[in-house]
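Shown below: run-v5.cif, with mmCIF, C-alpha atoms and all ligand atoms.
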data_run
loop_
_atom_site.label_atom_id
_atom_site.label_comp_id
_atom_site.auth_asym_id
_atom_site.auth_seq_id
_atom_site.Cartn_x
_atom_site.Cartn_y
_atom_site.Cartn_z
CA MET A 209 0.00 0.00 0.00
CA ARG A 210 1.33 3.44 -0.91
CA PHE A 211 -0.94 5.02 1.68
CA PRO A 212 -1.43 2.84 4.77
CA LEU A 213 -4.45 3.47 7.00
CA SER A 214 -2.20 4.94 9.64
CA MET A 215 1.35 5.04 10.88
CA PRO A 216 3.03 6.10 14.10
CA SER A 217 5.31 9.12 14.35
CA LEU A 218 8.49 8.05 16.11
CA GLY A 219 11.12 10.72 16.66
CA THR A 220 14.54 11.05 18.18
CA GLU A 221 13.28 11.18 21.79
CA GLU A 222 11.47 7.87 21.34
CA HIS A 223 14.74 6.27 20.17
CA LYS A 224 16.75 7.92 22.92
CA TYR A 225 14.46 6.89 25.78
CA VAL A 226 14.17 3.31 24.48
CA SER A 227 17.97 3.02 24.26
CA GLU A 228 18.26 4.34 27.79
CA ALA A 229 15.68 1.86 29.05
CA LEU A 230 17.57 -0.98 27.36
CA ARG A 231 20.93 0.20 28.62
CA ASP A 232 19.48 0.43 32.09
CA GLY A 233 18.59 -3.28 31.86
CA TRP A 234 15.28 -2.77 33.63
CA ILE A 235 12.88 -3.95 30.94
CA SER A 236 9.98 -5.47 32.89
CA GLY A 237 6.66 -4.02 33.98
CA SER A 238 7.91 -1.38 36.35
CA GLY A 239 10.76 1.08 36.33
CA LYS A 240 11.47 4.71 35.92
CA TYR A 241 9.92 5.15 32.46
CA VAL A 242 6.66 3.62 33.67
CA ASP A 243 6.61 6.12 36.55
CA SER A 244 7.48 9.05 34.28
CA PHE A 245 4.95 8.04 31.61
CA GLU A 246 2.19 7.75 34.23
CA ALA A 247 3.10 11.17 35.65
CA ALA A 248 3.09 12.68 32.15
CA LEU A 249 -0.39 11.24 31.47
CA CYS A 250 -1.69 12.74 34.72
CA ARG A 251 -0.32 16.12 33.68
CA VAL A 252 -1.70 16.00 30.15
CA VAL A 253 -5.31 15.16 31.06
CA ALA A 254 -5.35 16.63 34.58
CA ARG A 255 -6.04 13.47 36.57
CA ASN A 256 -4.51 12.46 39.89
CA PHE A 257 -3.59 8.84 39.18
CA ALA A 258 -2.51 6.85 36.13
CA ILE A 259 -1.72 3.16 35.75
CA ALA A 260 0.02 2.15 32.51
CA THR A 261 -1.24 -1.18 31.12
CA SER A 262 -0.38 -3.70 28.43
CA SER A 263 -3.32 -2.54 26.25
CA GLY A 264 -6.48 -0.47 26.25
CA THR A 265 -8.54 -3.64 26.46
CA SER A 266 -6.68 -4.91 29.53
CA ALA A 267 -7.16 -1.44 31.08
CA ILE A 268 -10.95 -1.87 30.81
CA GLU A 269 -10.75 -5.41 32.22
CA VAL A 270 -8.70 -4.22 35.17
CA VAL A 271 -11.14 -1.39 35.99
CA LEU A 272 -14.11 -3.78 35.86
CA ARG A 273 -12.39 -6.22 38.21
CA ALA A 274 -11.25 -3.44 40.55
CA LEU A 275 -14.89 -2.32 40.74
CA ASP A 276 -15.88 -5.93 41.53
CA ILE A 277 -18.10 -6.14 38.48
CA GLY A 278 -18.98 -9.72 37.57
CA PRO A 279 -21.81 -12.21 37.12
CA ALA A 280 -25.27 -10.78 37.93
CA ASP A 281 -24.09 -7.28 36.97
CA GLU A 282 -24.93 -5.30 33.86
CA VAL A 283 -22.72 -2.78 32.09
CA ILE A 284 -24.05 -0.47 29.39
CA VAL A 285 -21.84 -0.26 26.28
CA PRO A 286 -22.45 1.37 22.90
CA ALA A 287 -23.83 -0.78 20.06
CA LEU A 288 -21.19 0.66 17.72
CA THR A 289 -17.55 0.68 18.77
CA PHE A 290 -14.39 -1.35 18.43
CA ALA A 291 -15.31 -4.51 20.35
CA SER A 292 -13.05 -4.03 23.40
CA PRO A 293 -15.67 -2.64 25.82
CA ALA A 294 -18.11 -5.47 25.03
CA THR A 295 -15.32 -8.08 25.13
CA ALA A 296 -14.09 -6.86 28.52
CA VAL A 297 -17.60 -6.93 30.00
CA VAL A 298 -18.29 -10.47 28.75
CA ARG A 299 -14.91 -11.65 30.05
CA SER A 300 -15.72 -10.17 33.48
CA GLY A 301 -18.80 -12.42 33.62
CA ALA A 302 -21.19 -9.44 33.56
CA THR A 303 -23.77 -8.80 30.85
CA PRO A 304 -23.12 -6.07 28.26
CA VAL A 305 -26.29 -4.08 27.64
CA LEU A 306 -25.98 -2.60 24.17
CA CYS A 307 -27.07 0.99 23.75
CA GLU A 308 -27.96 2.97 20.62
CA ILE A 309 -25.69 5.87 19.59
CA SER A 310 -26.78 9.43 18.90
CA PRO A 311 -27.14 10.59 15.27
CA GLU A 312 -25.65 13.95 16.33
CA HIS A 313 -22.21 12.66 17.33
CA TRP A 314 -22.25 8.85 17.20
CA THR A 315 -21.44 8.40 20.91
CA ILE A 316 -23.79 6.66 23.33
CA ASP A 317 -27.26 8.29 23.34
CA PRO A 318 -28.05 9.31 26.95
CA ARG A 319 -31.82 9.06 26.34
CA CYS A 320 -31.44 5.46 25.20
CA ALA A 321 -29.03 4.74 28.07
CA SER A 322 -31.55 6.04 30.61
CA ARG A 323 -34.08 3.44 29.42
CA LEU A 324 -31.53 0.65 29.89
CA VAL A 325 -30.59 1.38 33.50
CA THR A 326 -31.82 -1.29 35.94
CA ASN A 327 -30.97 -2.08 39.55
CA ARG A 328 -28.26 -4.38 38.21
CA THR A 329 -26.49 -1.67 36.17
CA ARG A 330 -23.00 -1.20 37.65
CA ALA A 331 -21.37 1.03 35.05
CA ILE A 332 -21.63 2.69 31.66
CA ILE A 333 -18.61 2.39 29.35
CA ALA A 334 -18.84 5.70 27.49
CA VAL A 335 -16.73 5.49 24.32
CA ASP A 336 -15.53 8.82 22.85
CA LEU A 337 -16.13 7.35 19.42
CA MET A 338 -13.61 8.42 16.76
CA GLY A 339 -12.39 11.25 18.99
CA HIS A 340 -15.79 12.78 19.77
CA PRO A 341 -16.44 13.28 23.51
CA CYS A 342 -19.61 11.73 24.99
CA GLU A 343 -22.45 13.74 26.53
CA PHE A 344 -20.97 13.26 29.99
CA ASP A 345 -23.30 15.66 31.86
CA GLN A 346 -26.36 13.75 30.74
CA LEU A 347 -24.72 10.35 31.28
CA GLU A 348 -23.57 11.31 34.78
CA SER A 349 -27.10 12.43 35.67
CA LEU A 350 -28.21 8.79 35.32
CA GLY A 351 -26.46 8.06 38.64
CA VAL A 352 -24.40 5.14 37.34
CA PRO A 353 -20.56 5.13 37.48
CA ILE A 354 -19.03 6.08 34.15
CA ILE A 355 -15.94 4.45 32.71
CA GLU A 356 -14.71 6.71 29.91
CA ASP A 357 -13.16 4.83 27.00
CA ALA A 358 -10.97 7.53 25.44
CA ALA A 359 -8.98 5.04 23.33
CA GLU A 360 -9.76 7.01 20.17
CA ALA A 361 -9.85 10.48 21.72
CA HIS A 362 -6.38 11.71 22.68
CA GLY A 363 -6.60 15.48 22.73
CA ALA A 364 -10.37 16.07 22.58
CA SER A 365 -12.25 18.16 25.14
CA ILE A 366 -15.50 19.68 26.28
CA GLY A 367 -14.66 23.28 27.16
CA SER A 368 -11.49 23.13 29.24
CA ARG A 369 -12.11 19.55 30.35
CA LYS A 370 -10.04 17.02 28.43
CA THR A 371 -11.15 13.58 27.31
CA GLY A 372 -9.54 11.02 29.57
CA SER A 373 -10.61 13.01 32.63
CA PHE A 374 -14.32 12.11 32.70
CA GLY A 375 -16.12 9.55 34.81
CA LEU A 376 -14.99 7.54 37.79
CA ALA A 377 -12.15 6.16 35.67
CA SER A 378 -11.03 6.52 32.08
CA ILE A 379 -8.88 4.45 29.79
CA PHE A 380 -6.62 5.14 26.82
CA SER A 381 -5.20 2.83 24.19
CA PHE A 382 -1.78 3.41 22.69
CA HIS A 383 -2.11 0.87 19.91
CA ALA A 384 0.05 1.64 16.85
CA ASN A 385 -2.80 3.28 14.92
CA LYS A 386 -3.92 5.54 17.76
CA ALA A 387 -2.92 9.22 17.91
CA ILE A 388 -0.48 8.58 20.76
CA SER A 389 1.18 5.23 20.29
CA THR A 390 3.45 2.76 22.04
CA GLY A 391 2.77 -0.13 19.64
CA GLU A 392 0.62 -1.99 22.14
CA GLY A 393 -0.32 -0.36 25.42
CA GLY A 394 -2.94 1.42 27.45
CA ALA A 395 -3.60 3.28 30.66
CA ILE A 396 -6.19 3.76 33.38
CA LEU A 397 -6.72 7.24 34.82
CA THR A 398 -8.76 8.22 37.86
CA ASP A 399 -8.96 10.75 40.67
CA ASP A 400 -10.10 8.07 43.14
CA GLU A 401 -7.09 7.00 45.19
CA ASP A 402 -8.62 3.72 46.42
CA LEU A 403 -9.68 2.73 42.93
CA ALA A 404 -6.21 3.57 41.59
CA ALA A 405 -4.60 1.38 44.26
CA LYS A 406 -7.00 -1.49 43.49
CA CYS A 407 -6.35 -1.19 39.74
CA ARG A 408 -2.61 -1.35 40.35
CA VAL A 409 -2.99 -4.51 42.44
CA VAL A 410 -5.32 -6.18 39.92
CA ALA A 411 -2.97 -5.31 37.02
CA SER A 412 -0.05 -6.77 38.91
CA HIS A 413 -1.24 -10.34 39.53
CA GLY A 414 -3.55 -9.33 42.37
CA MET A 415 -0.49 -9.40 44.61
CA ARG A 416 -0.64 -7.67 47.99
CA PRO A 417 1.66 -4.62 48.02
CA ASP A 418 2.43 -5.23 51.72
CA ARG A 419 2.96 -8.97 51.38
CA PRO A 420 4.44 -10.20 48.07
CA TYR A 421 3.19 -13.53 46.70
CA TYR A 422 -0.02 -13.35 48.77
CA HIS A 423 -3.14 -12.60 46.77
CA ASN A 424 -6.33 -11.24 48.32
CA VAL A 425 -7.91 -10.44 44.98
CA LEU A 426 -7.79 -12.37 41.74
CA GLY A 427 -5.50 -10.43 39.45
CA GLN A 428 -4.02 -10.60 36.01
CA ASN A 429 -0.79 -9.43 34.47
CA ALA A 430 -1.67 -6.23 32.63
CA LYS A 431 1.50 -4.25 33.24
CA MET A 432 3.21 -2.10 30.63
CA THR A 433 6.93 -2.79 30.20
CA ASN A 434 9.52 -0.13 30.94
CA VAL A 435 10.68 -0.21 27.28
CA THR A 436 7.14 0.42 26.05
CA ALA A 437 6.73 3.23 28.59
CA ALA A 438 9.93 4.82 27.25
CA ILE A 439 8.19 5.20 23.87
CA GLY A 440 5.09 6.40 25.73
CA LEU A 441 6.96 9.11 27.62
CA ALA A 442 8.38 10.54 24.39
CA GLN A 443 4.92 10.43 22.79
CA ALA A 444 3.29 12.06 25.83
CA GLU A 445 5.82 14.90 25.63
CA ARG A 446 4.64 15.42 22.03
CA TRP A 447 0.93 15.03 22.96
CA SER A 448 -0.16 18.44 21.80
CA GLU A 449 1.98 18.40 18.63
CA LEU A 450 0.83 14.91 17.57
CA THR A 451 -2.86 15.39 18.32
CA LYS A 452 -3.04 18.84 16.72
CA ALA A 453 -1.25 17.65 13.59
CA ARG A 454 -3.71 14.79 13.25
CA THR A 455 -6.73 17.03 13.69
CA GLY A 456 -5.23 19.29 11.02
CA VAL A 457 -5.18 16.35 8.61
CA GLU A 458 -8.90 15.68 9.14
CA LEU A 459 -9.60 19.38 8.64
CA GLN A 460 -7.68 19.39 5.37
CA TYR A 461 -9.68 16.35 4.17
CA ARG A 462 -12.91 18.17 5.14
CA ASN A 463 -11.87 21.29 3.23
CA LEU A 464 -11.31 19.24 0.10
CA LEU A 465 -14.33 16.95 0.51
CA THR A 466 -17.06 19.40 1.45
CA PRO A 467 -17.11 21.05 -2.02
CA LEU A 468 -17.35 17.53 -3.49
CA ARG A 469 -20.44 16.96 -1.32
CA VAL A 470 -18.77 14.16 0.61
CA GLU A 471 -20.22 14.17 4.09
CA SER A 472 -17.93 13.87 7.13
CA ARG A 473 -18.78 12.38 10.52
CA PRO A 474 -20.98 14.73 12.58
CA ILE A 475 -19.55 17.00 15.31
CA ALA A 476 -21.76 18.49 18.05
CA ASP A 477 -21.29 22.22 18.62
CA TRP A 478 -20.43 21.72 22.33
CA ALA A 479 -17.54 19.39 21.59
CA THR A 480 -13.91 19.86 20.60
CA TYR A 481 -13.11 16.71 18.67
CA SER A 482 -9.77 15.09 18.11
CA THR A 483 -8.88 12.90 15.18
CA TRP A 484 -8.14 9.23 15.26
CA LEU A 485 -8.94 8.34 11.65
CA THR A 486 -10.72 10.65 9.23
CA CYS A 487 -14.24 9.31 8.79
CA VAL A 488 -16.60 10.08 5.92
CA LEU A 489 -19.95 8.79 4.70
CA SER A 490 -20.74 7.28 1.33
CA GLU A 491 -23.74 5.69 -0.37
CA ASP A 492 -21.40 2.92 -1.48
CA PRO A 493 -18.36 2.70 0.83
CA GLU A 494 -17.44 -0.72 -0.55
CA ALA A 495 -16.86 0.84 -3.99
CA ILE A 496 -14.52 3.44 -2.48
CA VAL A 497 -12.58 0.77 -0.60
CA ARG A 498 -12.23 -1.11 -3.91
CA ILE A 499 -11.01 1.95 -5.81
CA GLY A 500 -8.60 2.63 -2.95
CA ARG A 501 -7.22 -0.89 -3.01
CA SER A 502 -6.40 -0.67 -6.71
CA ALA A 503 -4.72 2.72 -6.15
CA GLY A 504 -2.68 1.57 -3.14
CA ILE A 505 -4.81 3.50 -0.65
CA ASP A 506 -5.87 1.67 2.49
CA CYS A 507 -9.43 2.83 3.24
CA ARG A 508 -11.56 0.76 5.57
CA ARG A 509 -15.24 0.31 6.27
CA VAL A 510 -16.01 1.04 9.94
CA TRP A 511 -16.93 -1.77 12.35
CA PRO A 512 -20.15 -3.75 12.12
CA PRO A 513 -22.57 -3.06 14.99
CA ILE A 514 -21.54 -5.11 18.05
CA PRO A 515 -24.50 -7.54 17.83
CA ALA A 516 -23.52 -8.45 14.23
CA SER A 517 -20.64 -10.47 15.67
CA LYS A 518 -21.45 -14.02 16.68
CA VAL A 519 -20.06 -13.74 20.22
CA PHE A 520 -22.27 -10.71 20.99
CA GLU A 521 -25.44 -11.60 19.05
CA ARG A 522 -27.27 -12.83 22.14
CA PHE A 523 -26.86 -9.46 23.88
CA SER A 524 -28.81 -7.56 21.25
CA SER A 525 -31.86 -5.65 22.42
CA GLY A 526 -32.02 -3.73 19.15
CA PRO A 527 -32.82 -2.59 16.55
CA TYR A 528 -30.05 0.02 16.51
CA PRO A 529 -30.89 2.07 13.41
CA VAL A 530 -28.21 4.74 13.95
CA ALA A 531 -25.44 2.22 14.65
CA GLU A 532 -26.55 0.27 11.57
CA MET A 533 -26.67 3.38 9.37
CA VAL A 534 -23.14 4.44 10.41
CA SER A 535 -21.84 0.94 9.91
CA ARG A 536 -23.40 0.73 6.45
CA HIS A 537 -22.16 4.09 5.17
CA ALA A 538 -19.03 5.19 7.05
CA LEU A 539 -15.43 4.60 6.07
CA TRP A 540 -12.00 5.67 7.26
CA LEU A 541 -9.37 7.37 5.14
CA PRO A 542 -5.59 7.14 5.67
CA THR A 543 -4.69 9.43 8.56
CA TRP A 544 -1.52 10.06 10.48
CA SER A 545 0.05 13.10 12.07
CA HIS A 546 2.17 15.22 9.70
CA MET A 547 0.61 13.65 6.62
CA ASP A 548 1.45 16.11 3.87
CA ASN A 549 -1.15 18.03 1.91
CA SER A 550 -0.13 16.55 -1.41
CA SER A 551 -0.85 13.03 -0.09
CA ILE A 552 -4.27 14.13 1.14
CA GLU A 553 -4.99 15.79 -2.21
CA GLU A 554 -3.87 12.72 -4.13
CA ILE A 555 -6.05 10.42 -2.01
CA VAL A 556 -9.11 12.64 -2.47
CA ARG A 557 -8.45 12.89 -6.24
CA SER A 558 -8.00 9.11 -6.58
CA LEU A 559 -11.14 8.26 -4.62
CA TRP A 560 -13.54 11.00 -5.75
CA GLY A 561 -11.88 12.52 -8.83
C1 LIG B 601 -8.38 0.74 20.23
C2 LIG B 601 -9.53 0.68 21.18
C3 LIG B 601 -9.46 0.03 22.44
C4 LIG B 601 -8.28 -0.70 22.99
O1 LIG B 601 -7.50 -1.31 22.09
P1 LIG B 601 -6.15 -2.07 22.47
O2 LIG B 601 -5.73 -2.56 21.11
O3 LIG B 601 -6.51 -3.16 23.41
O4 LIG B 601 -5.20 -1.10 23.07
C5 LIG B 601 -10.54 0.12 23.29
N1 LIG B 601 -11.65 0.78 22.94
C6 LIG B 601 -11.76 1.41 21.77
C7 LIG B 601 -13.02 2.17 21.48
C8 LIG B 601 -10.72 1.37 20.83
O5 LIG B 601 -10.86 1.98 19.65
#
Final structure tokens representation of the file:
Amino acid sequence: MRFPLSMPSLGTEEHKYVSEALRDGWISGSGKYVDSFEAALCRVVARNFAIATSSGTSAIEVVLRALDIGPADEVIVPALTFASPATAVVRSGATPVLCEISPEHWTIDPRCASRLVTNRTRAIIAVDLMGHPCEFDQLESLGVPIIEDAAEAHGASIGSRKTGSFGLASIFSFHANKAISTGEGGAILTDDEDLAAKCRVVASHGMRPDRPYYHNVLGQNAKMTNVTAAIGLAQAERWSELTKARTGVELQYRNLLTPLRVESRPIADWATYSTWLTCVLSEDPEAIVRIGRSAGIDCRRVWPPIPASKVFERFSSGPYPVAEMVSRHALWLPTWSHMDNSSIEEIVRSLWG
């Protein structure tokens, strides 16, 4: 592919910190880069505690276990998202309750969520879908703990409040195609000191901090390695540069596509979005993906609705017309930070020229 869907931006600091971590010899799931990366994340999103994890998915699993969510519990998740939130809930033993998304911004629709709350609802996993913040005020008014999934929303905000700082706890992913990337990796952020301590224990084998090799809670190994955190620290120091550059790429696509009457994903006027992948709508997205493939441009259809996958089918309480509409018509265009204008122009010309 001449134009991949995405690529990370790895600079000299990333190389330098990784070399230092290797030279240091401390490569496992603790160490000075893990501490520094966690501190940098707290600074960037204005949260008190951060726990770096092996992935965004394991971050969600750890939060659910730290909150003691399991069989007999229900967790509300959006009907359209990358599968991680639904997967994590099923793996916890709880039931994912699938919620319709809003046509105005494609994140969980608070009115639909309010109809799904029961006395077994333990949390709502609010996904800032494709970098668009959720309607947190309305979701919080439902009186259920919110877990913010900001995996696709590095650098977005509502007013001065940054994504990754909402809810009881939030998670990020740093997968290679995300705006801030460590290859694989994630993090949990919270202002709740007890919850932070519990998450750290769960993510580290459930081992008692005061008595090693004794386990009062069932844990898992979800730690980020020191080498990975070295990449993360360099990326976190470039947070603003990387996220702004990526948003600029989406804006440039929009400027070129609007005159061609190609519709972009919707943005609510109260939200400051960030860009993960540029997302547009088409009557026939499959045709565009096909044209792209023959021109060496990696465009992708967005995910199917969650209940379209066999493992989640039985949790459907649909229909989910908005989730289905987005899934049928939306596609992603190649997007990375510092993508040059001539590449964007060439992609638009090849696909819509
Ligand atoms: C990428 C992503 C995750 C986590 O992905 P990992 O690959 O496990 O880091 C979680 N939720 C959403 C919405 C995502 O897009």
(message) As an exercise, work out the distance from atom CA of A:Asp276 to atom CA of A:Asn429 in Å and give it to one decimal place.
(response)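 Separation of atom CA of A:Asp276 and atom CA of A:Asn429: 17.0 Å.
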(request) Choose the residue, out of A:Ser545, A:Ser238, A:Ser490, A:Ser389, that has the smallest atom-to-atom separation from A:Leu468; count only C-alpha atoms. (result) A:Ser490
(request) Give me, please, the distance in Å between atom CA of A:Gly351 and atom CA of A:Ile309, quoted to one decimal. (result)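 A separation of 19.2 Å between them.
These residues, each with an atom at most 8 Å from (-21.3, -5.0, 24.5) using only C-alpha atoms, are A:Ile284, A:Val285, A:Pro286, A:Ala287, A:Ala291, A:Pro293, A:Ala294, A:Thr295, A:Val297, A:Val298, A:Thr303, A:Pro304, A:Val305, A:Leu306, A:Ile514, A:Pro515, A:Phe520, A:Phe523.
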(request) List the neighbours of A:Asp336 out to 7 Å using all atoms listed in the file; skip same-chain residues closer than 3 positions along the sequence, and give me the result as an NGL selection string. (result) :A and (315 or 339-342 or 357-358 or 360-361)
Keeping only C-alpha atoms, write those residues as a PDB file, in the coordinates of the input.
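Result file follows (selection24.pdb):
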ATOM      1  CA  THR A 315     -21.440   8.400  20.910  1.00  0.00           C
ATOM      2  CA  GLY A 339     -12.390  11.250  18.990  1.00  0.00           C
ATOM      3  CA  HIS A 340     -15.790  12.780  19.770  1.00  0.00           C
ATOM      4  CA  PRO A 341     -16.440  13.280  23.510  1.00  0.00           C
ATOM      5  CA  CYS A 342     -19.610  11.730  24.990  1.00  0.00           C
ATOM      6  CA  ASP A 357     -13.160   4.830  27.000  1.00  0.00           C
ATOM      7  CA  ALA A 358     -10.970   7.530  25.440  1.00  0.00           C
ATOM      8  CA  GLU A 360      -9.760   7.010  20.170  1.00  0.00           C
ATOM      9  CA  ALA A 361      -9.850  10.480  21.720  1.00  0.00           C
TER      10      ALA A 361
END
